[in-house]
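S.K.: See final.csv below, with CSV, C-alpha atoms.
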chain,number,residue,atom,x,y,z
R,277,MET,CA,-13.0,10.6,-6.7
R,278,VAL,CA,-11.5,7.2,-5.9
R,279,LEU,CA,-9.8,6.8,-2.5
R,280,THR,CA,-7.1,4.2,-2.1
R,281,LEU,CA,-5.4,3.4,1.2
R,282,VAL,CA,-1.7,2.6,0.7
R,283,ILE,CA,-0.3,0.8,3.8
R,284,GLY,CA,2.4,-1.7,4.7
R,285,ASP,CA,5.2,-2.9,6.9
R,286,MET,CA,3.0,-3.4,10.0
R,287,HIS,CA,4.9,-6.4,11.3
R,288,ILE,CA,2.0,-7.3,13.7
R,289,PRO,CA,2.6,-9.0,16.2
R,290,MET,CA,6.4,-9.5,15.6
R,291,ARG,CA,7.5,-5.9,15.9
R,292,ALA,CA,4.3,-4.0,16.8
R,293,HIS,CA,1.1,-4.9,18.7
R,294,MET,CA,-1.4,-3.0,16.6
R,295,LEU,CA,-2.0,0.0,14.4
R,296,PRO,CA,-2.1,3.3,16.3
R,297,PRO,CA,-5.7,4.0,17.5
R,298,GLN,CA,-5.4,7.4,15.8
R,299,PHE,CA,-5.0,5.7,12.4
R,300,ARG,CA,-7.6,3.0,13.1
R,301,ALA,CA,-10.2,5.7,13.8
R,302,MET,CA,-9.6,7.1,10.3
R,303,PHE,CA,-10.1,3.8,8.4
R,304,VAL,CA,-13.9,3.9,8.1
R,305,PRO,CA,-15.4,1.0,6.1
R,306,GLY,CA,-17.3,2.3,3.0
R,307,LYS,CA,-15.2,5.5,2.5
R,308,ILE,CA,-12.1,3.9,1.0
R,309,HIS,CA,-12.5,2.1,-2.3
R,310,TYR,CA,-9.2,0.2,-2.5
R,311,VAL,CA,-6.4,-0.9,-0.2
R,312,ILE,CA,-2.9,-1.4,-1.6
R,313,SER,CA,-0.5,-3.1,0.8
R,314,THR,CA,3.3,-3.4,0.4
R,315,GLY,CA,3.3,-6.5,2.6
R,316,ASN,CA,4.8,-7.5,5.9
R,317,LEU,CA,1.3,-7.8,7.4
R,318,CYS,CA,2.5,-11.1,8.9
R,319,THR,CA,-0.9,-12.5,10.0
R,320,LYS,CA,-4.2,-13.4,8.5
R,321,GLU,CA,-5.9,-11.3,11.1
R,322,VAL,CA,-4.3,-8.1,9.7
R,323,VAL,CA,-5.3,-9.1,6.2
R,324,ASP,CA,-8.9,-9.7,7.4
R,325,TYR,CA,-8.9,-6.2,9.0
R,326,LEU,CA,-7.9,-4.6,5.7
R,327,ARG,CA,-10.7,-6.5,4.0
R,328,GLN,CA,-13.1,-4.8,6.3
R,329,ILE,CA,-11.9,-1.3,5.2
R,330,ALA,CA,-12.4,-1.9,1.4
R,331,ASN,CA,-13.9,-4.5,-0.8
R,332,GLU,CA,-10.9,-4.6,-3.1
R,333,VAL,CA,-7.6,-5.3,-1.4
R,334,HIS,CA,-4.3,-5.7,-3.3
R,335,ILE,CA,-1.4,-7.2,-1.3
R,336,VAL,CA,2.1,-8.3,-2.3
R,337,LYS,CA,4.4,-10.5,-0.2
R,338,GLY,CA,6.9,-9.0,2.2
R,339,ASP,CA,10.0,-10.7,3.5
R,340,PHE,CA,8.2,-11.5,6.8
R,341,ASP,CA,5.0,-12.9,5.2
R,342,GLU,CA,6.1,-16.5,5.3
R,343,GLN,CA,2.7,-18.0,6.0
R,344,LEU,CA,0.8,-15.7,3.6
R,345,GLN,CA,0.6,-16.6,-0.1
R,346,TYR,CA,0.8,-13.4,-2.2
R,347,PRO,CA,2.7,-12.5,-5.3
R,348,GLU,CA,6.1,-10.7,-5.2
R,349,VAL,CA,4.8,-8.0,-7.5
R,350,LYS,CA,1.4,-7.0,-8.8
R,351,VAL,CA,0.0,-4.5,-11.3
R,352,VAL,CA,-3.5,-3.1,-10.9
R,353,SER,CA,-5.4,-0.4,-12.7
R,354,ILE,CA,-7.3,2.2,-10.8
R,355,GLY,CA,-9.0,4.9,-12.9
R,356,GLN,CA,-6.6,6.1,-15.6
R,357,PHE,CA,-3.5,4.9,-13.6
R,358,LYS,CA,-1.6,1.7,-13.9
R,359,ILE,CA,-0.1,1.0,-10.4
R,360,GLY,CA,2.8,-1.4,-9.7
R,361,ILE,CA,3.1,-2.9,-6.2
R,362,CYS,CA,6.3,-4.5,-4.8
R,363,HIS,CA,7.4,-4.9,-1.2
R,364,GLY,CA,10.8,-3.5,-2.0
R,365,HIS,CA,13.2,-6.0,-0.4
R,366,GLN,CA,13.9,-7.2,-3.9
R,367,VAL,CA,15.1,-3.8,-5.0
R,368,VAL,CA,18.8,-3.3,-4.4
R,369,PRO,CA,20.0,-1.0,-3.0
R,370,TRP,CA,16.8,-0.6,-0.9
R,371,GLY,CA,14.9,2.5,-1.8
R,372,ASP,CA,17.4,3.6,-4.5
R,373,HIS,CA,15.7,5.9,-7.0
R,374,GLU,CA,17.4,4.5,-10.0
R,375,SER,CA,16.7,0.9,-9.0
R,376,LEU,CA,13.0,1.7,-8.4
R,377,SER,CA,12.9,3.4,-11.8
R,378,ILE,CA,14.2,0.2,-13.4
R,379,LEU,CA,11.4,-1.7,-11.8
R,380,GLN,CA,8.8,0.9,-12.8
R,381,ARG,CA,9.9,0.5,-16.4
R,382,GLN,CA,9.9,-3.3,-16.3
R,383,LEU,CA,6.3,-3.2,-14.9
R,384,ASP,CA,5.3,-0.4,-17.3
R,385,VAL,CA,3.3,1.5,-14.7
R,386,ASP,CA,2.4,5.2,-14.0
R,387,ILE,CA,2.8,4.8,-10.2
R,388,LEU,CA,5.2,2.5,-8.3
R,389,VAL,CA,4.3,1.6,-4.7
R,390,THR,CA,7.0,0.0,-2.6
R,391,GLY,CA,7.8,-0.5,1.0
R,392,HIS,CA,10.5,-2.2,3.1
R,393,THR,CA,12.4,0.9,4.3
R,394,HIS,CA,9.7,1.8,6.8
R,395,LYS,CA,10.2,5.4,5.8
R,396,PHE,CA,7.7,7.5,3.8
R,397,GLU,CA,8.9,8.8,0.5
R,398,ALA,CA,7.2,10.2,-2.6
R,399,PHE,CA,8.8,11.6,-5.7
R,400,GLU,CA,8.2,12.2,-9.4
R,401,HIS,CA,10.8,10.9,-11.9
R,402,ASN,CA,10.6,11.0,-15.7
R,403,GLY,CA,6.8,11.6,-15.6
R,404,LYS,CA,6.1,8.7,-13.2
R,405,PHE,CA,5.2,8.8,-9.5
R,406,PHE,CA,6.9,6.7,-6.8
R,407,VAL,CA,5.5,6.3,-3.3
R,408,ASN,CA,6.6,4.4,-0.2
R,409,PRO,CA,3.9,4.6,2.6
R,410,GLY,CA,6.4,3.8,5.4
R,411,SER,CA,5.4,1.6,8.3
R,412,ALA,CA,1.8,2.1,9.5
R,413,THR,CA,2.8,0.9,13.0
R,414,GLY,CA,6.2,2.5,13.3
R,415,ALA,CA,7.8,-0.9,13.5
R,416,TYR,CA,11.6,-0.8,13.8
R,417,SER,CA,13.7,-1.4,10.8
R,418,GLY,CA,17.3,-2.3,10.0
R,419,TYR,CA,17.2,0.5,7.4
R,420,THR,CA,16.6,3.4,9.7
R,421,MET,CA,16.3,4.0,13.5
R,422,ASP,CA,14.0,7.0,12.9
R,423,VAL,CA,10.7,5.2,12.1
R,424,VAL,CA,7.5,7.3,12.3
R,425,PRO,CA,4.2,5.6,11.9
R,426,SER,CA,2.8,6.6,8.5
R,427,PHE,CA,0.4,5.7,5.7
R,428,VAL,CA,-0.8,7.2,2.4
R,429,LEU,CA,-4.3,7.9,1.1
R,430,MET,CA,-4.4,8.4,-2.7
R,431,ASP,CA,-7.3,10.3,-4.3
R,432,ILE,CA,-7.5,9.4,-8.0
R,433,GLU,CA,-9.6,11.6,-10.2
R,434,GLY,CA,-9.1,11.4,-14.0
R,435,ASN,CA,-5.4,11.9,-14.7
R,436,ARG,CA,-4.8,13.7,-11.4
R,437,LEU,CA,-3.4,11.9,-8.3
R,438,THR,CA,-3.5,13.7,-4.9
R,439,THR,CA,-1.5,11.9,-2.3
R,440,TYR,CA,-2.1,12.6,1.4
R,441,PHE,CA,0.7,11.5,3.6
R,442,TYR,CA,-0.3,10.9,7.2
R,443,ARG,CA,2.3,10.7,10.1
R,444,LEU,CA,1.8,10.1,13.8
R,445,LEU,CA,4.0,12.6,15.7
R,446,GLY,CA,3.5,12.1,19.4
R,447,GLU,CA,-0.2,11.8,19.8
R,448,ASP,CA,-1.1,14.0,16.8
R,449,VAL,CA,-1.7,13.0,13.2
R,450,LYS,CA,-0.1,15.3,10.7
R,451,VAL,CA,-1.0,15.3,7.0
R,452,GLU,CA,0.8,16.7,3.9
R,453,LYS,CA,-0.5,16.8,0.3
R,454,ILE,CA,1.4,16.0,-2.9
R,455,GLU,CA,-0.1,16.5,-6.4
R,456,PHE,CA,0.8,14.5,-9.5
R,457,ASN,CA,-0.7,14.8,-13.0
R,458,LYS,CA,-0.3,12.0,-15.5
R,459,PRO,CA,1.2,13.4,-18.7
Hey, can you dump this file as structure tokens for me?
M.R.:
Amino acid sequence: MVLTLVIGDMHIPMRAHMLPPQFRAMFVPGKIHYVISTGNLCTKEVVDYLRQIANEVHIVKGDFDEQLQYPEVKVVSIGQFKIGICHGHQVVPWGDHESLSILQRQLDVDILVTGHTHKFEAFEHNGKFFVNPGSATGAYSGYTMDVVPSFVLMDIEGNRLTTYFYRLLGEDVKVEKIEFNKP
């Protein structure tokens, strides 16, 4: 069992002051093996916080990460999965399934992680898995007015991926599970 936190679009301090305390309480150092961030962390302090959660942190540059030097896209291997990471502002139209599928094929990955829309989405297409963790802080977005704070925890075991999607609804954290098996 390999736990990977997938998080992004925090926009701290520009659009949000901090992560919701309900989420912070869940991010226990030593329990999570990897962090994947879709960017728009905006400050070094947020990056340092993520590095306290897991030893291995993979970050791509968002369109508001002007002072942070990260790649536009990155490919990492975790277990049997090859994972592509991209903020998503480069994918036009934003969040479009066919455009995301083109990027997935270009990167030749099993899982494509993107952000930018601030809205959680996960779907399977042509034997590949796509996930957008949404905005962990619920920061506003020009894409949608209905932003709910969210993040994803991926459990990778062999060729099986279990994705747990966490949302903050009012004061309560709700979780849903999605399964994906690599062909």
S.K.: Which is closest to Gly434 of chain R among R:Met421, R:Cys362, R:Ala398, R:Met277, if we use all atoms listed in the file?
M.R.: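 Smallest distance to Gly434 of chain R is found for R:Met277.
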S.K.: Between R:His365, R:His287, R:Arg381, R:Arg443, single out the one closest to Leu317 of chain R, counting all atoms listed in the file.
M.R.: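 Looking only at the distances to Leu317 of chain R, the closest residue turns out to be R:His287.
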S.K.: Would you work out the distance separating atom CA of Tyr346 of chain R from atom CA of His334 of chain R, expressed in Å to one decimal?
M.R.: 9.3 Å
S.K.: In terms of the shortest atom-to-atom distance over only C-alpha atoms, which of R:Gln382, R:Thr393, R:Asn402, R:Gln356 is closest to Asn435 of chain R?
M.R.: R:Gln356
S.K.: Quick one: of R:Val367, R:Cys318, R:Ile312, R:Leu279, who's nearest to Val389 of chain R, counting only C-alpha atoms?
M.R.: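 The shortest atom-to-atom distance to Val389 of chain R comes from R:Ile312.
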S.K.: Please provide the set of residues having any atom within 12 Å of Leu445 of chain R, restricted to all atoms listed in the file, with same-chain residues fewer than 4 positions apart removed, written as a list of chain:residue names.
M.R.: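 In the requested format, the answer is R:Pro296, R:Gln298, R:Phe299, R:Gly414, R:Asp422, R:Val423, R:Val424, R:Pro425, R:Ser426, R:Val449, R:Lys450, R:Val451.
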S.K.: Of the candidates R:Leu379, R:Val278, R:Leu295, R:Phe406, which shows the shortest atom-to-atom distance to Tyr310 of chain R, using only C-alpha atoms?
M.R.: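 Ranked by minimum distance to Tyr310 of chain R, first place goes to R:Val278.
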S.K.: Would you be able to write out as a ChimeraX atom specification which residues have an atom within 8 Å of (-5.3, -3.6, 0.7) in the file's coordinates, counting only C-alpha atoms?
M.R.: /R:281-283,310-313,323,326-327,330,332-335
S.K.: Under the rule that only C-alpha atoms are counted, which of R:Ile329, R:Asn457, R:Gln345, R:Pro409 is the nearest residue to Tyr440 of chain R?
M.R.: R:Pro409
S.K.: Show which residues sit within 10 Å of His293 of chain R, as a list in words. Count all atoms listed in the file, and ignore same-chain residues fewer than 6 positions away.
M.R.: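 So, after excluding close chain neighbours, the residues are Met286, His287, Thr413 and Ala415 of chain R.
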S.K.: Could you jot down the atom CA of Glu397 of chain R to atom CA of Phe357 of chain R separation for me, Å, one decimal place?
M.R.: 19.2 Å
S.K.: Enter the distance from atom CA of Glu374 of chain R to atom CA of Glu433 of chain R, in Å, rounded to one decimal.
M.R.: 27.9 Å
S.K.: Should you be able to, write segment 288-321 of chain R of this structure into a file that contains N, CA, C and O atoms, as a compact mmCIF listing (two decimals), in the first residue's frame.
M.R.:
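Printed below is out.txt as written:
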# COMPACT_ATOMS: atom_id res chain seq x y z
N ILE R 288 -2.50 30.21 -1.68
CA ILE R 288 -2.22 30.85 -0.38
C ILE R 288 -1.07 31.82 -0.57
O ILE R 288 -0.03 31.43 -1.09
N PRO R 289 -1.13 33.05 -0.18
CA PRO R 289 -2.20 33.77 0.53
C PRO R 289 -3.08 34.61 -0.40
O PRO R 289 -3.91 35.38 0.09
N MET R 290 -2.93 34.50 -1.71
CA MET R 290 -3.64 35.39 -2.64
C MET R 290 -5.16 35.24 -2.59
O MET R 290 -5.87 36.23 -2.55
N ARG R 291 -5.64 34.00 -2.62
CA ARG R 291 -7.09 33.77 -2.67
C ARG R 291 -7.63 33.04 -1.44
O ARG R 291 -8.84 32.91 -1.29
N ALA R 292 -6.74 32.52 -0.61
CA ALA R 292 -7.15 31.81 0.61
C ALA R 292 -6.07 32.00 1.67
O ALA R 292 -4.90 32.19 1.34
N HIS R 293 -6.47 31.97 2.92
CA HIS R 293 -5.51 32.20 4.01
C HIS R 293 -4.75 30.94 4.39
O HIS R 293 -3.57 31.00 4.72
N MET R 294 -5.44 29.78 4.39
CA MET R 294 -4.78 28.53 4.76
C MET R 294 -5.66 27.35 4.37
O MET R 294 -6.81 27.52 3.97
N LEU R 295 -5.08 26.16 4.49
CA LEU R 295 -5.87 24.95 4.30
C LEU R 295 -6.91 24.84 5.39
O LEU R 295 -6.65 25.26 6.53
N PRO R 296 -8.07 24.28 5.11
CA PRO R 296 -9.06 24.08 6.17
C PRO R 296 -8.47 23.21 7.29
O PRO R 296 -7.76 22.23 7.01
N PRO R 297 -8.72 23.56 8.55
CA PRO R 297 -8.17 22.78 9.66
C PRO R 297 -8.59 21.31 9.62
O PRO R 297 -7.83 20.43 10.06
N GLN R 298 -9.75 21.02 9.07
CA GLN R 298 -10.20 19.64 8.96
C GLN R 298 -9.26 18.84 8.06
O GLN R 298 -9.02 17.65 8.30
N PHE R 299 -8.74 19.46 7.00
CA PHE R 299 -7.79 18.78 6.12
C PHE R 299 -6.42 18.70 6.78
O PHE R 299 -5.77 17.66 6.74
N ARG R 300 -5.97 19.79 7.39
CA ARG R 300 -4.65 19.80 8.02
C ARG R 300 -4.52 18.67 9.05
O ARG R 300 -3.47 18.05 9.16
N ALA R 301 -5.60 18.41 9.77
CA ALA R 301 -5.58 17.35 10.79
C ALA R 301 -5.39 15.97 10.17
O ALA R 301 -4.90 15.05 10.83
N MET R 302 -5.74 15.82 8.91
CA MET R 302 -5.63 14.53 8.23
C MET R 302 -4.23 14.28 7.65
O MET R 302 -3.88 13.13 7.38
N PHE R 303 -3.46 15.32 7.44
CA PHE R 303 -2.16 15.20 6.78
C PHE R 303 -1.07 14.92 7.83
O PHE R 303 -0.29 15.79 8.20
N VAL R 304 -1.02 13.68 8.28
CA VAL R 304 -0.11 13.26 9.34
C VAL R 304 1.23 12.84 8.72
O VAL R 304 1.26 11.92 7.89
N PRO R 305 2.32 13.50 9.09
CA PRO R 305 3.64 13.09 8.57
C PRO R 305 3.93 11.62 8.89
O PRO R 305 3.58 11.12 9.95
N GLY R 306 4.53 10.94 7.92
CA GLY R 306 4.90 9.54 8.11
C GLY R 306 3.84 8.56 7.62
O GLY R 306 4.13 7.38 7.44
N LYS R 307 2.63 9.00 7.40
CA LYS R 307 1.56 8.12 6.90
C LYS R 307 1.47 8.16 5.38
O LYS R 307 1.07 7.20 4.75
N ILE R 308 1.79 9.31 4.80
CA ILE R 308 1.70 9.52 3.36
C ILE R 308 3.09 9.39 2.76
O ILE R 308 4.05 9.99 3.25
N HIS R 309 3.22 8.59 1.70
CA HIS R 309 4.52 8.31 1.09
C HIS R 309 4.96 9.36 0.07
O HIS R 309 6.14 9.66 -0.04
N TYR R 310 3.99 9.87 -0.71
CA TYR R 310 4.29 10.84 -1.76
C TYR R 310 3.27 11.97 -1.73
O TYR R 310 2.13 11.76 -1.34
N VAL R 311 3.69 13.13 -2.20
CA VAL R 311 2.77 14.23 -2.46
C VAL R 311 2.94 14.61 -3.92
O VAL R 311 4.06 14.78 -4.40
N ILE R 312 1.81 14.72 -4.62
CA ILE R 312 1.78 15.22 -5.99
C ILE R 312 0.97 16.50 -5.95
O ILE R 312 -0.16 16.51 -5.49
N SER R 313 1.57 17.60 -6.44
CA SER R 313 0.87 18.87 -6.45
C SER R 313 0.74 19.41 -7.87
O SER R 313 1.72 19.44 -8.62
N THR R 314 -0.47 19.86 -8.18
CA THR R 314 -0.75 20.42 -9.50
C THR R 314 -0.38 21.90 -9.58
O THR R 314 -0.66 22.56 -10.58
N GLY R 315 0.27 22.43 -8.54
CA GLY R 315 0.74 23.81 -8.59
C GLY R 315 -0.23 24.81 -8.01
O GLY R 315 -1.20 24.46 -7.34
N ASN R 316 0.09 26.08 -8.25
CA ASN R 316 -0.59 27.23 -7.64
C ASN R 316 -0.55 27.14 -6.12
O ASN R 316 -1.53 27.39 -5.43
N LEU R 317 0.65 26.79 -5.64
CA LEU R 317 0.91 26.81 -4.20
C LEU R 317 1.23 28.23 -3.77
O LEU R 317 0.91 28.64 -2.67
N CYS R 318 1.89 28.96 -4.64
CA CYS R 318 2.15 30.40 -4.56
C CYS R 318 3.26 30.84 -3.62
O CYS R 318 3.83 31.89 -3.83
N THR R 319 3.57 30.10 -2.56
CA THR R 319 4.65 30.52 -1.66
C THR R 319 5.53 29.34 -1.26
O THR R 319 5.08 28.19 -1.25
N LYS R 320 6.75 29.66 -0.90
CA LYS R 320 7.69 28.65 -0.43
C LYS R 320 7.19 28.01 0.87
O LYS R 320 7.43 26.83 1.12
N GLU R 321 6.48 28.75 1.69
CA GLU R 321 5.97 28.22 2.96
C GLU R 321 4.99 27.06 2.73
O GLU R 321 5.00 26.08 3.48
